[in-house]
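Containing TSV, C-alpha atoms: data-v9.tsv.
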chain	number	residue	atom	x	y	z
A	41	MET	CA	58.70	-45.80	-84.14
A	42	ASN	CA	61.95	-44.75	-85.76
A	43	ILE	CA	62.86	-44.33	-89.39
A	44	ARG	CA	66.47	-44.09	-90.42
A	45	MET	CA	67.14	-41.31	-92.93
A	46	ARG	CA	70.20	-41.10	-95.14
A	47	ALA	CA	71.00	-38.23	-97.48
A	48	PHE	CA	73.75	-37.81	-100.03
A	49	ALA	CA	75.66	-34.93	-101.61
A	50	GLN	CA	73.92	-31.58	-101.09
A	51	PHE	CA	70.98	-33.33	-99.47
A	52	GLY	CA	73.42	-34.54	-96.83
A	53	GLU	CA	74.43	-30.97	-96.16
A	54	LEU	CA	70.82	-29.89	-95.93
A	55	PHE	CA	69.27	-32.74	-93.97
A	56	GLY	CA	72.27	-34.42	-92.37
A	57	THR	CA	73.90	-37.54	-93.77
A	58	GLU	CA	72.34	-39.93	-91.26
A	59	THR	CA	69.48	-39.11	-88.96
A	60	THR	CA	66.72	-40.91	-87.13
A	61	LEU	CA	63.17	-39.65	-87.45
A	62	GLU	CA	60.60	-40.53	-84.84
A	63	VAL	CA	57.10	-40.98	-86.20
A	64	SER	CA	53.90	-41.85	-84.40
A	65	GLY	CA	52.82	-44.49	-86.90
A	66	PRO	CA	53.40	-45.85	-90.39
A	67	SER	CA	53.84	-42.95	-92.83
A	68	THR	CA	53.95	-42.62	-96.56
A	69	ILE	CA	57.16	-41.34	-98.08
A	70	PRO	CA	55.71	-37.88	-98.88
A	71	GLU	CA	54.42	-37.60	-95.32
A	72	THR	CA	57.84	-38.53	-94.00
A	73	LEU	CA	59.58	-36.04	-96.24
A	74	HIS	CA	57.18	-33.28	-95.21
A	75	ARG	CA	58.12	-34.02	-91.62
A	76	ILE	CA	61.83	-33.53	-92.23
A	77	CYS	CA	61.14	-30.24	-94.01
A	78	GLU	CA	59.09	-28.73	-91.20
A	79	GLY	CA	60.18	-25.20	-90.41
A	80	SER	CA	62.48	-24.82	-93.39
A	81	GLU	CA	61.43	-23.36	-96.71
A	82	GLU	CA	64.83	-24.23	-98.15
A	83	LYS	CA	64.35	-27.88	-97.34
A	84	ARG	CA	60.81	-27.88	-98.65
A	85	GLN	CA	61.87	-26.36	-101.96
A	86	ALA	CA	64.67	-28.89	-102.24
A	87	LEU	CA	62.23	-31.80	-102.16
A	88	PHE	CA	58.86	-30.48	-103.31
A	89	ASP	CA	57.60	-28.43	-106.19
A	90	GLU	CA	54.99	-25.68	-105.90
A	91	SER	CA	52.13	-28.15	-106.10
A	92	GLY	CA	53.55	-30.12	-103.20
A	93	ALA	CA	54.72	-33.06	-105.30
A	94	ILE	CA	58.16	-34.53	-104.78
A	95	HIS	CA	60.54	-33.39	-107.51
A	96	PRO	CA	60.59	-36.12	-110.12
A	97	TYR	CA	64.37	-36.11	-110.42
A	98	ILE	CA	65.03	-37.03	-106.80
A	99	ILE	CA	66.13	-40.61	-106.29
A	100	LEU	CA	64.49	-42.29	-103.32
A	101	VAL	CA	65.75	-45.59	-101.97
A	102	ARG	CA	63.77	-47.52	-99.34
A	103	ASN	CA	65.60	-50.31	-97.58
A	104	ARG	CA	68.23	-50.36	-100.34
A	105	VAL	CA	65.65	-50.62	-103.14
A	106	ARG	CA	64.74	-47.76	-105.46
A	107	VAL	CA	61.24	-46.45	-105.01
A	108	ASP	CA	59.11	-46.20	-108.14
A	109	ARG	CA	57.01	-43.08	-108.51
A	110	ASP	CA	53.79	-45.05	-108.46
A	111	GLU	CA	54.74	-46.51	-105.09
A	112	LEU	CA	55.23	-43.16	-103.39
A	113	TYR	CA	51.78	-42.94	-101.83
A	114	VAL	CA	51.40	-46.67	-101.36
A	115	LEU	CA	54.51	-47.66	-99.44
A	116	ARG	CA	54.48	-46.99	-95.74
A	117	LEU	CA	57.56	-46.54	-93.66
A	118	GLY	CA	57.60	-48.16	-90.28
A	119	GLU	CA	59.89	-49.14	-87.47
A	120	GLY	CA	63.42	-49.84	-88.63
A	121	ASP	CA	62.88	-48.78	-92.23
A	122	GLU	CA	65.53	-46.79	-94.00
A	123	LEU	CA	64.88	-44.05	-96.54
A	124	ALA	CA	67.69	-42.54	-98.59
A	125	LEU	CA	67.56	-39.29	-100.56
A	126	LEU	CA	69.83	-38.85	-103.53
A	127	PRO	CA	70.11	-35.93	-105.91
A	128	PRO	CA	70.14	-36.68	-109.62
A	129	VAL	CA	73.40	-37.44	-111.37
A	130	ALA	CA	74.26	-35.34	-114.35
A	131	GLY	CA	77.21	-34.82	-116.59
A	132	GLY	CA	78.59	-36.31	-119.74
B	103	MET	CA	85.27	-56.36	-112.06
B	104	ILE	CA	82.49	-54.04	-111.00
B	105	THR	CA	83.76	-51.71	-108.34
B	106	ILE	CA	83.48	-48.33	-106.67
B	107	THR	CA	86.71	-47.00	-105.31
B	108	THR	CA	88.36	-43.98	-103.79
B	109	ASP	CA	91.65	-44.93	-105.44
B	110	PRO	CA	92.85	-43.44	-108.73
B	111	ILE	CA	91.59	-45.38	-111.72
B	112	ASP	CA	94.11	-47.34	-113.72
B	113	PRO	CA	92.48	-49.17	-116.63
B	114	ALA	CA	95.62	-51.20	-117.40
B	115	PRO	CA	94.91	-54.13	-115.03
B	116	ALA	CA	91.40	-54.48	-116.43
B	117	ILE	CA	92.79	-54.53	-119.96
B	118	ASP	CA	95.37	-57.16	-119.01
B	119	ALA	CA	92.73	-59.31	-117.34
B	120	ALA	CA	90.55	-59.05	-120.44
B	121	ARG	CA	93.15	-60.74	-122.65
B	122	MET	CA	91.52	-64.13	-122.58
B	123	PRO	CA	91.74	-66.77	-125.30
B	124	GLY	CA	88.39	-65.82	-126.80
B	125	THR	CA	89.14	-62.10	-126.86
B	126	GLY	CA	89.28	-60.47	-130.25
B	127	ALA	CA	88.90	-56.85	-129.22
B	128	ILE	CA	89.01	-54.75	-126.08
B	129	VAL	CA	87.60	-51.25	-125.86
B	130	THR	CA	88.00	-49.05	-122.82
B	131	PHE	CA	86.16	-45.85	-122.05
B	132	LEU	CA	87.64	-43.40	-119.59
B	133	GLY	CA	85.54	-40.53	-118.29
B	134	VAL	CA	87.55	-37.62	-116.88
B	135	VAL	CA	86.64	-34.53	-114.89
B	136	ARG	CA	86.31	-31.64	-117.33
B	137	ASP	CA	87.10	-28.02	-116.52
B	138	ASP	CA	83.70	-26.40	-116.75
B	139	GLY	CA	84.88	-23.54	-114.58
B	140	ILE	CA	85.56	-25.82	-111.64
B	141	ASP	CA	88.68	-26.99	-109.86
B	142	ALA	CA	87.41	-30.22	-108.41
B	143	MET	CA	84.31	-32.23	-107.84
B	144	GLU	CA	83.21	-34.62	-105.18
B	145	ILE	CA	81.34	-37.77	-106.00
B	146	GLU	CA	79.42	-39.74	-103.44
B	147	ALA	CA	77.61	-43.03	-103.86
B	148	PHE	CA	75.21	-45.15	-101.89
B	149	GLU	CA	77.57	-48.00	-102.48
B	150	GLU	CA	75.38	-51.00	-101.71
B	151	VAL	CA	72.71	-49.80	-104.11
B	152	ALA	CA	75.12	-48.44	-106.68
B	153	LEU	CA	77.05	-51.70	-106.95
B	154	ALA	CA	73.87	-53.66	-107.51
B	155	ASP	CA	72.87	-51.21	-110.25
B	156	LEU	CA	76.28	-51.39	-111.91
B	157	ARG	CA	76.15	-55.17	-111.95
B	158	GLU	CA	72.77	-55.03	-113.64
B	159	ILE	CA	74.05	-52.53	-116.20
B	160	ALA	CA	77.09	-54.68	-116.97
B	161	ALA	CA	74.99	-57.82	-117.31
B	162	ALA	CA	72.50	-56.06	-119.58
B	163	ALA	CA	75.29	-54.67	-121.76
B	164	ALA	CA	76.97	-58.06	-122.01
B	165	GLU	CA	73.74	-59.71	-123.07
B	166	LYS	CA	72.65	-57.02	-125.50
B	167	HIS	CA	76.01	-56.68	-127.26
B	168	GLN	CA	77.23	-60.26	-126.89
B	169	LEU	CA	80.23	-59.22	-124.84
B	170	ASN	CA	82.55	-61.75	-123.26
B	171	HIS	CA	83.20	-59.50	-120.33
B	172	VAL	CA	82.43	-56.04	-118.95
B	173	ASP	CA	84.33	-54.12	-116.30
B	174	ILE	CA	83.07	-50.92	-114.72
B	175	ILE	CA	85.14	-48.94	-112.24
B	176	HIS	CA	83.74	-45.77	-110.71
B	177	ARG	CA	85.74	-43.51	-108.47
B	178	ILE	CA	84.25	-41.53	-105.60
B	179	GLY	CA	85.68	-38.81	-103.40
B	180	ARG	CA	87.31	-35.55	-104.42
B	181	LEU	CA	88.47	-35.54	-108.01
B	182	PHE	CA	90.35	-32.78	-109.77
B	183	VAL	CA	90.13	-31.65	-113.37
B	184	GLY	CA	91.73	-34.32	-115.53
B	185	ASN	CA	91.22	-37.13	-113.04
B	186	PRO	CA	89.46	-40.18	-114.43
B	187	PHE	CA	86.19	-40.77	-112.61
B	188	CYS	CA	84.91	-43.81	-114.42
B	189	SER	CA	86.20	-46.52	-116.65
B	190	SER	CA	84.48	-49.26	-118.54
B	191	CYS	CA	86.09	-52.08	-120.42
B	192	ALA	CA	84.11	-54.09	-122.95
B	193	VAL	CA	85.48	-57.31	-124.37
B	194	ARG	CA	84.26	-59.24	-127.34
B	195	GLY	CA	85.36	-61.90	-129.75
B	196	ILE	CA	85.07	-59.48	-132.64
B	197	GLU	CA	85.26	-55.72	-132.69
B	198	ARG	CA	81.97	-54.86	-134.41
B	199	ARG	CA	79.96	-52.32	-132.37
B	200	LEU	CA	82.31	-52.71	-129.44
B	201	PHE	CA	83.12	-49.00	-129.17
B	202	TRP	CA	79.44	-48.26	-128.94
B	203	ALA	CA	78.96	-50.93	-126.25
B	204	ALA	CA	81.77	-49.54	-124.11
B	205	LYS	CA	80.41	-46.04	-124.35
B	206	ARG	CA	76.91	-47.21	-123.54
B	207	SER	CA	78.12	-49.13	-120.48
B	208	SER	CA	79.83	-46.10	-119.12
B	209	SER	CA	77.03	-43.69	-119.93
B	210	ALA	CA	74.46	-45.98	-118.37
B	211	SER	CA	76.49	-46.32	-115.22
B	212	ARG	CA	76.77	-42.57	-114.83
B	213	SER	CA	73.13	-41.91	-115.37
B	214	ALA	CA	71.72	-44.75	-113.38
B	215	TYR	CA	73.69	-45.30	-110.26
B	216	PRO	CA	72.81	-43.52	-107.08
B	217	SER	CA	75.43	-40.97	-106.33
B	218	GLY	CA	75.79	-37.30	-105.92
B	219	ARG	CA	78.33	-34.86	-107.17
B	220	ARG	CA	79.35	-31.50	-105.99
B	221	SER	CA	81.98	-29.26	-107.36
B	222	SER	CA	84.13	-26.46	-106.17
B	223	GLY	CA	85.84	-23.70	-108.01
B	224	LYS	CA	85.35	-20.49	-109.81
B	225	GLY	CA	82.39	-21.40	-111.92
B	226	ARG	CA	79.21	-23.34	-111.94
B	227	ALA	CA	78.91	-26.90	-110.88
B	228	PRO	CA	79.11	-29.02	-114.03
B	229	GLY	CA	76.59	-31.53	-112.85
B	230	TRP	CA	73.93	-29.01	-112.06
B	231	GLY	CA	74.92	-26.73	-114.88
B	232	ARG	CA	74.25	-29.34	-117.51
B	233	MET	CA	71.05	-30.61	-116.04
B	234	ARG	CA	67.93	-29.80	-117.99
B	235	ILE	CA	65.92	-29.71	-114.81
B	236	PRO	CA	65.95	-27.15	-112.04
B	237	PRO	CA	68.56	-27.77	-109.38
B	238	PRO	CA	66.98	-29.06	-106.18
B	239	VAL	CA	68.76	-26.50	-104.06
B	240	PRO	CA	70.18	-23.13	-105.05
B	241	GLU	CA	73.34	-23.76	-106.99
B	242	CYS	CA	75.32	-21.15	-105.13
B	243	ALA	CA	74.63	-22.76	-101.77
B	244	TYR	CA	75.90	-26.01	-103.11
B	245	THR	CA	79.02	-24.58	-104.72
B	246	LYS	CA	79.87	-22.41	-101.77
B	247	SER	CA	79.71	-25.32	-99.42
B	248	ALA	CA	82.72	-26.88	-101.06
B	249	SER	CA	86.16	-25.44	-100.56
B	250	HIS	CA	88.20	-23.75	-103.23
B	251	VAL	CA	90.94	-26.19	-103.96
B	252	LYS	CA	93.25	-24.47	-106.40
Would it be possible to restate this file's structure as structure tokens?
Amino acid sequence: MNIRMRAFAQFGELFGTETTLEVSGPSTIPETLHRICEGSEEKRQALFDESGAIHPYIILVRNRVRVDRDELYVLRLGEGDELALLPPVAGG
Amino acid sequence: MITITTDPIDPAPAIDAARMPGTGAIVTFLGVVRDDGIDAMEIEAFEEVALADLREIAAAAAEKHQLNHVDIIHRIGRLFVGNPFCSSCAVRGIERRLFWAAKRSSSASRSAYPSGRRSSGKGRAPGWGRMRIPPPVPECAYTKSASHVK
């Protein structure tokens, strides 16, 4: 099954702005993100901290809806789902 | 009007449109790109999601501060120092607390909507530089990826 990945700003430069990820079955969001980081320490550090948790400041959007932190290990991505990665916004 | 645009922001039409019979005060807030050692910055947005968020922010501000109307305009694309990047226009029958409401609408929109910024220039990226959290990727890689535009 295929998951559509979208990435914005520097994440777009790192992961590609729009890609399709083939997975063997429904995957949690952390599992999916680990897949796209395979073979790249730079990518892994961009998304995960030293304990392996997704950086809390990363905005994740599944099928155009923001993902709450407590849903991270509950939601499963399947065929046709879209996951977007956004860096935090700062300034003022 | 709640909109995301690549066009330069002109708050004048929003102000004109806000002059309705019940209007007693109009406050606009204009955020501009500041020179924090940069020449330009690029702002991206996941527009479908960002627009929905902005509409929620405007509705919440209108309800909380009893506003007659709220406009939020956010620009995306490459913006140079001095360019306005966001504008909010708050309208109320009376002026009490209206400045605060306009500022809050704009600040909320900038902190809550899904977008990304990158900057180019001689110094650090303002977005990352002011964050109180570690940047997700090395700052230099991000800054170097953008062209020097001066």
Any idea which chain A residues end up within 9 Å of chain B if we count only C-alpha atoms, as a short mmCIF file (atom, residue, chain, number, x, y, z; two decimals) with C-alpha atoms, keeping the file's coordinate frame please?
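Output contents, as saved in result_22.cif:
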data_model
loop_
_atom_site.label_atom_id
_atom_site.label_comp_id
_atom_site.auth_asym_id
_atom_site.auth_seq_id
_atom_site.Cartn_x
_atom_site.Cartn_y
_atom_site.Cartn_z
CA PHE A 48 73.75 -37.81 -100.03
CA ALA A 49 75.66 -34.93 -101.61
CA GLN A 50 73.92 -31.58 -101.09
CA PHE A 51 70.98 -33.33 -99.47
CA GLU A 53 74.43 -30.97 -96.16
CA GLU A 82 64.83 -24.23 -98.15
CA LYS A 83 64.35 -27.88 -97.34
CA GLN A 85 61.87 -26.36 -101.96
CA ALA A 86 64.67 -28.89 -102.24
CA LEU A 87 62.23 -31.80 -102.16
CA PHE A 88 58.86 -30.48 -103.31
CA HIS A 95 60.54 -33.39 -107.51
CA TYR A 97 64.37 -36.11 -110.42
CA ILE A 98 65.03 -37.03 -106.80
CA ILE A 99 66.13 -40.61 -106.29
CA VAL A 101 65.75 -45.59 -101.97
CA ARG A 104 68.23 -50.36 -100.34
CA VAL A 105 65.65 -50.62 -103.14
CA ARG A 106 64.74 -47.76 -105.46
CA ALA A 124 67.69 -42.54 -98.59
CA LEU A 126 69.83 -38.85 -103.53
CA PRO A 127 70.11 -35.93 -105.91
CA PRO A 128 70.14 -36.68 -109.62
CA VAL A 129 73.40 -37.44 -111.37
CA ALA A 130 74.26 -35.34 -114.35
CA GLY A 131 77.21 -34.82 -116.59
CA GLY A 132 78.59 -36.31 -119.74
#
Which of A:Glu119, A:Glu81, A:Asp89, A:Glu111 sits closest to A:Ile69 [using all atoms listed in the file]: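 Closest candidate: A:Glu111.
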Given all atoms listed in the file as the counted atoms, nearest of A:Arg84, A:Leu123, A:Leu117, A:Glu78 to A:Gly65: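 Among the listed residues, the smallest separation from A:Gly65 belongs to A:Leu117.
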Polymer residues at most 12 Å from (93.9, -35.2, -113.0) by only C-alpha atoms, as a list in words: Pro110, Ile111, Gly133, Val134, Val135, Arg136, Asp137, Asp141, Ala142, Met143, Arg180, Leu181, Phe182, Val183, Gly184, Asn185, Pro186 and Phe187 of chain B
Residues near A:Val114, cut-off 12 Å, all atoms listed in the file, skip fewer than 3 positions along chain, as a PyMOL selection string: chain A and resi 66-71+107-111+117
Closest of B:Val193, B:Leu153, B:Glu158, B:Ala127 to B:Val172 - atom-to-atom distances counting only C-alpha atoms: B:Val193
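Atom CA of B:Leu156 sits 12.8 Å away from atom CA of B:Arg177.
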Separation of atom CA of A:Thr59 from atom CA of A:Ala47 in Å: 8.7 Å
Pick from A:Thr72, A:Asn42, A:Ser64, A:Thr57, whichever lies nearest to A:Leu112 using all atoms listed in the file: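 Once distances to A:Leu112 are computed over all atoms listed in the file, the minimum belongs to A:Thr72.
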Gap from atom CA of B:Pro123 to atom CA of B:Ile159 - Å, one decimal: 24.5 Å
Nearest to B:Ile106 by atom-to-atom distance, counting only C-alpha atoms, from B:Gly139, B:Gly179, B:Gly124, B:Ala162: B:Gly179
B:Ala119 environment, 12 Å, all atoms listed in the file, sequence neighbours closer than 3 positions dropped, as a ChimeraX atom specification: /B:103,113-116,122-123,125,128,171-173,191-193
Please produce stretch 76-95 of chain A, completed to N, CA, C and O atoms, as a PDB file, in the coordinates of the input.
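Output saved as part01.pdb:
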ATOM      1  N   ILE A  76      60.433 -33.967 -92.360  1.00  0.00           N
ATOM      2  CA  ILE A  76      61.830 -33.530 -92.230  1.00  0.00           C
ATOM      3  C   ILE A  76      62.053 -32.119 -92.786  1.00  0.00           C
ATOM      4  O   ILE A  76      63.112 -31.541 -92.599  1.00  0.00           O
ATOM      5  N   CYS A  77      61.034 -31.602 -93.474  1.00  0.00           N
ATOM      6  CA  CYS A  77      61.140 -30.240 -94.010  1.00  0.00           C
ATOM      7  C   CYS A  77      60.476 -29.196 -93.109  1.00  0.00           C
ATOM      8  O   CYS A  77      60.542 -27.995 -93.408  1.00  0.00           O
ATOM      9  N   GLU A  78      59.850 -29.651 -92.055  1.00  0.00           N
ATOM     10  CA  GLU A  78      59.090 -28.730 -91.200  1.00  0.00           C
ATOM     11  C   GLU A  78      59.974 -27.580 -90.711  1.00  0.00           C
ATOM     12  O   GLU A  78      61.086 -27.802 -90.221  1.00  0.00           O
ATOM     13  N   GLY A  79      59.463 -26.368 -90.903  1.00  0.00           N
ATOM     14  CA  GLY A  79      60.180 -25.200 -90.410  1.00  0.00           C
ATOM     15  C   GLY A  79      61.264 -24.681 -91.326  1.00  0.00           C
ATOM     16  O   GLY A  79      61.964 -23.733 -90.982  1.00  0.00           O
ATOM     17  N   SER A  80      61.426 -25.274 -92.481  1.00  0.00           N
ATOM     18  CA  SER A  80      62.480 -24.820 -93.390  1.00  0.00           C
ATOM     19  C   SER A  80      61.974 -24.746 -94.818  1.00  0.00           C
ATOM     20  O   SER A  80      61.708 -25.780 -95.452  1.00  0.00           O
ATOM     21  N   GLU A  81      61.862 -23.542 -95.323  1.00  0.00           N
ATOM     22  CA  GLU A  81      61.430 -23.360 -96.710  1.00  0.00           C
ATOM     23  C   GLU A  81      62.499 -23.889 -97.678  1.00  0.00           C
ATOM     24  O   GLU A  81      62.174 -24.433 -98.733  1.00  0.00           O
ATOM     25  N   GLU A  82      63.748 -23.739 -97.297  1.00  0.00           N
ATOM     26  CA  GLU A  82      64.830 -24.230 -98.150  1.00  0.00           C
ATOM     27  C   GLU A  82      64.738 -25.744 -98.338  1.00  0.00           C
ATOM     28  O   GLU A  82      64.887 -26.268 -99.450  1.00  0.00           O
ATOM     29  N   LYS A  83      64.473 -26.422 -97.261  1.00  0.00           N
ATOM     30  CA  LYS A  83      64.350 -27.880 -97.340  1.00  0.00           C
ATOM     31  C   LYS A  83      63.126 -28.263 -98.165  1.00  0.00           C
ATOM     32  O   LYS A  83      63.171 -29.179 -98.990  1.00  0.00           O
ATOM     33  N   ARG A  84      62.027 -27.550 -97.931  1.00  0.00           N
ATOM     34  CA  ARG A  84      60.810 -27.880 -98.650  1.00  0.00           C
ATOM     35  C   ARG A  84      61.008 -27.707-100.161  1.00  0.00           C
ATOM     36  O   ARG A  84      60.624 -28.561-100.948  1.00  0.00           O
ATOM     37  N   GLN A  85      61.643 -26.609-100.530  1.00  0.00           N
ATOM     38  CA  GLN A  85      61.870 -26.360-101.960  1.00  0.00           C
ATOM     39  C   GLN A  85      62.836 -27.379-102.563  1.00  0.00           C
ATOM     40  O   GLN A  85      62.796 -27.662-103.752  1.00  0.00           O
ATOM     41  N   ALA A  86      63.717 -27.900-101.728  1.00  0.00           N
ATOM     42  CA  ALA A  86      64.670 -28.890-102.240  1.00  0.00           C
ATOM     43  C   ALA A  86      63.976 -30.195-102.607  1.00  0.00           C
ATOM     44  O   ALA A  86      64.422 -30.901-103.514  1.00  0.00           O
ATOM     45  N   LEU A  87      62.896 -30.511-101.932  1.00  0.00           N
ATOM     46  CA  LEU A  87      62.230 -31.800-102.160  1.00  0.00           C
ATOM     47  C   LEU A  87      60.905 -31.708-102.899  1.00  0.00           C
ATOM     48  O   LEU A  87      60.518 -32.656-103.574  1.00  0.00           O
ATOM     49  N   PHE A  88      60.225 -30.567-102.755  1.00  0.00           N
ATOM     50  CA  PHE A  88      58.860 -30.480-103.310  1.00  0.00           C
ATOM     51  C   PHE A  88      58.739 -29.327-104.301  1.00  0.00           C
ATOM     52  O   PHE A  88      59.387 -28.283-104.139  1.00  0.00           O
ATOM     53  N   ASP A  89      57.875 -29.532-105.271  1.00  0.00           N
ATOM     54  CA  ASP A  89      57.600 -28.430-106.190  1.00  0.00           C
ATOM     55  C   ASP A  89      56.440 -27.585-105.623  1.00  0.00           C
ATOM     56  O   ASP A  89      55.955 -27.838-104.520  1.00  0.00           O
ATOM     57  N   GLU A  90      56.006 -26.606-106.408  1.00  0.00           N
ATOM     58  CA  GLU A  90      54.990 -25.680-105.900  1.00  0.00           C
ATOM     59  C   GLU A  90      53.648 -26.358-105.625  1.00  0.00           C
ATOM     60  O   GLU A  90      52.873 -25.912-104.780  1.00  0.00           O
ATOM     61  N   SER A  91      53.404 -27.444-106.322  1.00  0.00           N
ATOM     62  CA  SER A  91      52.130 -28.150-106.100  1.00  0.00           C
ATOM     63  C   SER A  91      52.215 -29.109-104.915  1.00  0.00           C
ATOM     64  O   SER A  91      51.219 -29.749-104.567  1.00  0.00           O
ATOM     65  N   GLY A  92      53.387 -29.221-104.340  1.00  0.00           N
ATOM     66  CA  GLY A  92      53.550 -30.120-103.200  1.00  0.00           C
ATOM     67  C   GLY A  92      53.988 -31.521-103.570  1.00  0.00           C
ATOM     68  O   GLY A  92      54.090 -32.395-102.712  1.00  0.00           O
ATOM     69  N   ALA A  93      54.260 -31.736-104.852  1.00  0.00           N
ATOM     70  CA  ALA A  93      54.720 -33.060-105.300  1.00  0.00           C
ATOM     71  C   ALA A  93      56.243 -33.148-105.153  1.00  0.00           C
ATOM     72  O   ALA A  93      56.950 -32.148-105.293  1.00  0.00           O
ATOM     73  N   ILE A  94      56.712 -34.331-104.889  1.00  0.00           N
ATOM     74  CA  ILE A  94      58.160 -34.530-104.780  1.00  0.00           C
ATOM     75  C   ILE A  94      58.785 -34.343-106.160  1.00  0.00           C
ATOM     76  O   ILE A  94      58.269 -34.864-107.165  1.00  0.00           O
ATOM     77  N   HIS A  95      59.877 -33.599-106.224  1.00  0.00           N
ATOM     78  CA  HIS A  95      60.540 -33.390-107.510  1.00  0.00           C
ATOM     79  C   HIS A  95      60.804 -34.735-108.192  1.00  0.00           C
ATOM     80  O   HIS A  95      61.312 -35.663-107.552  1.00  0.00           O
TER      81      HIS A  95
END
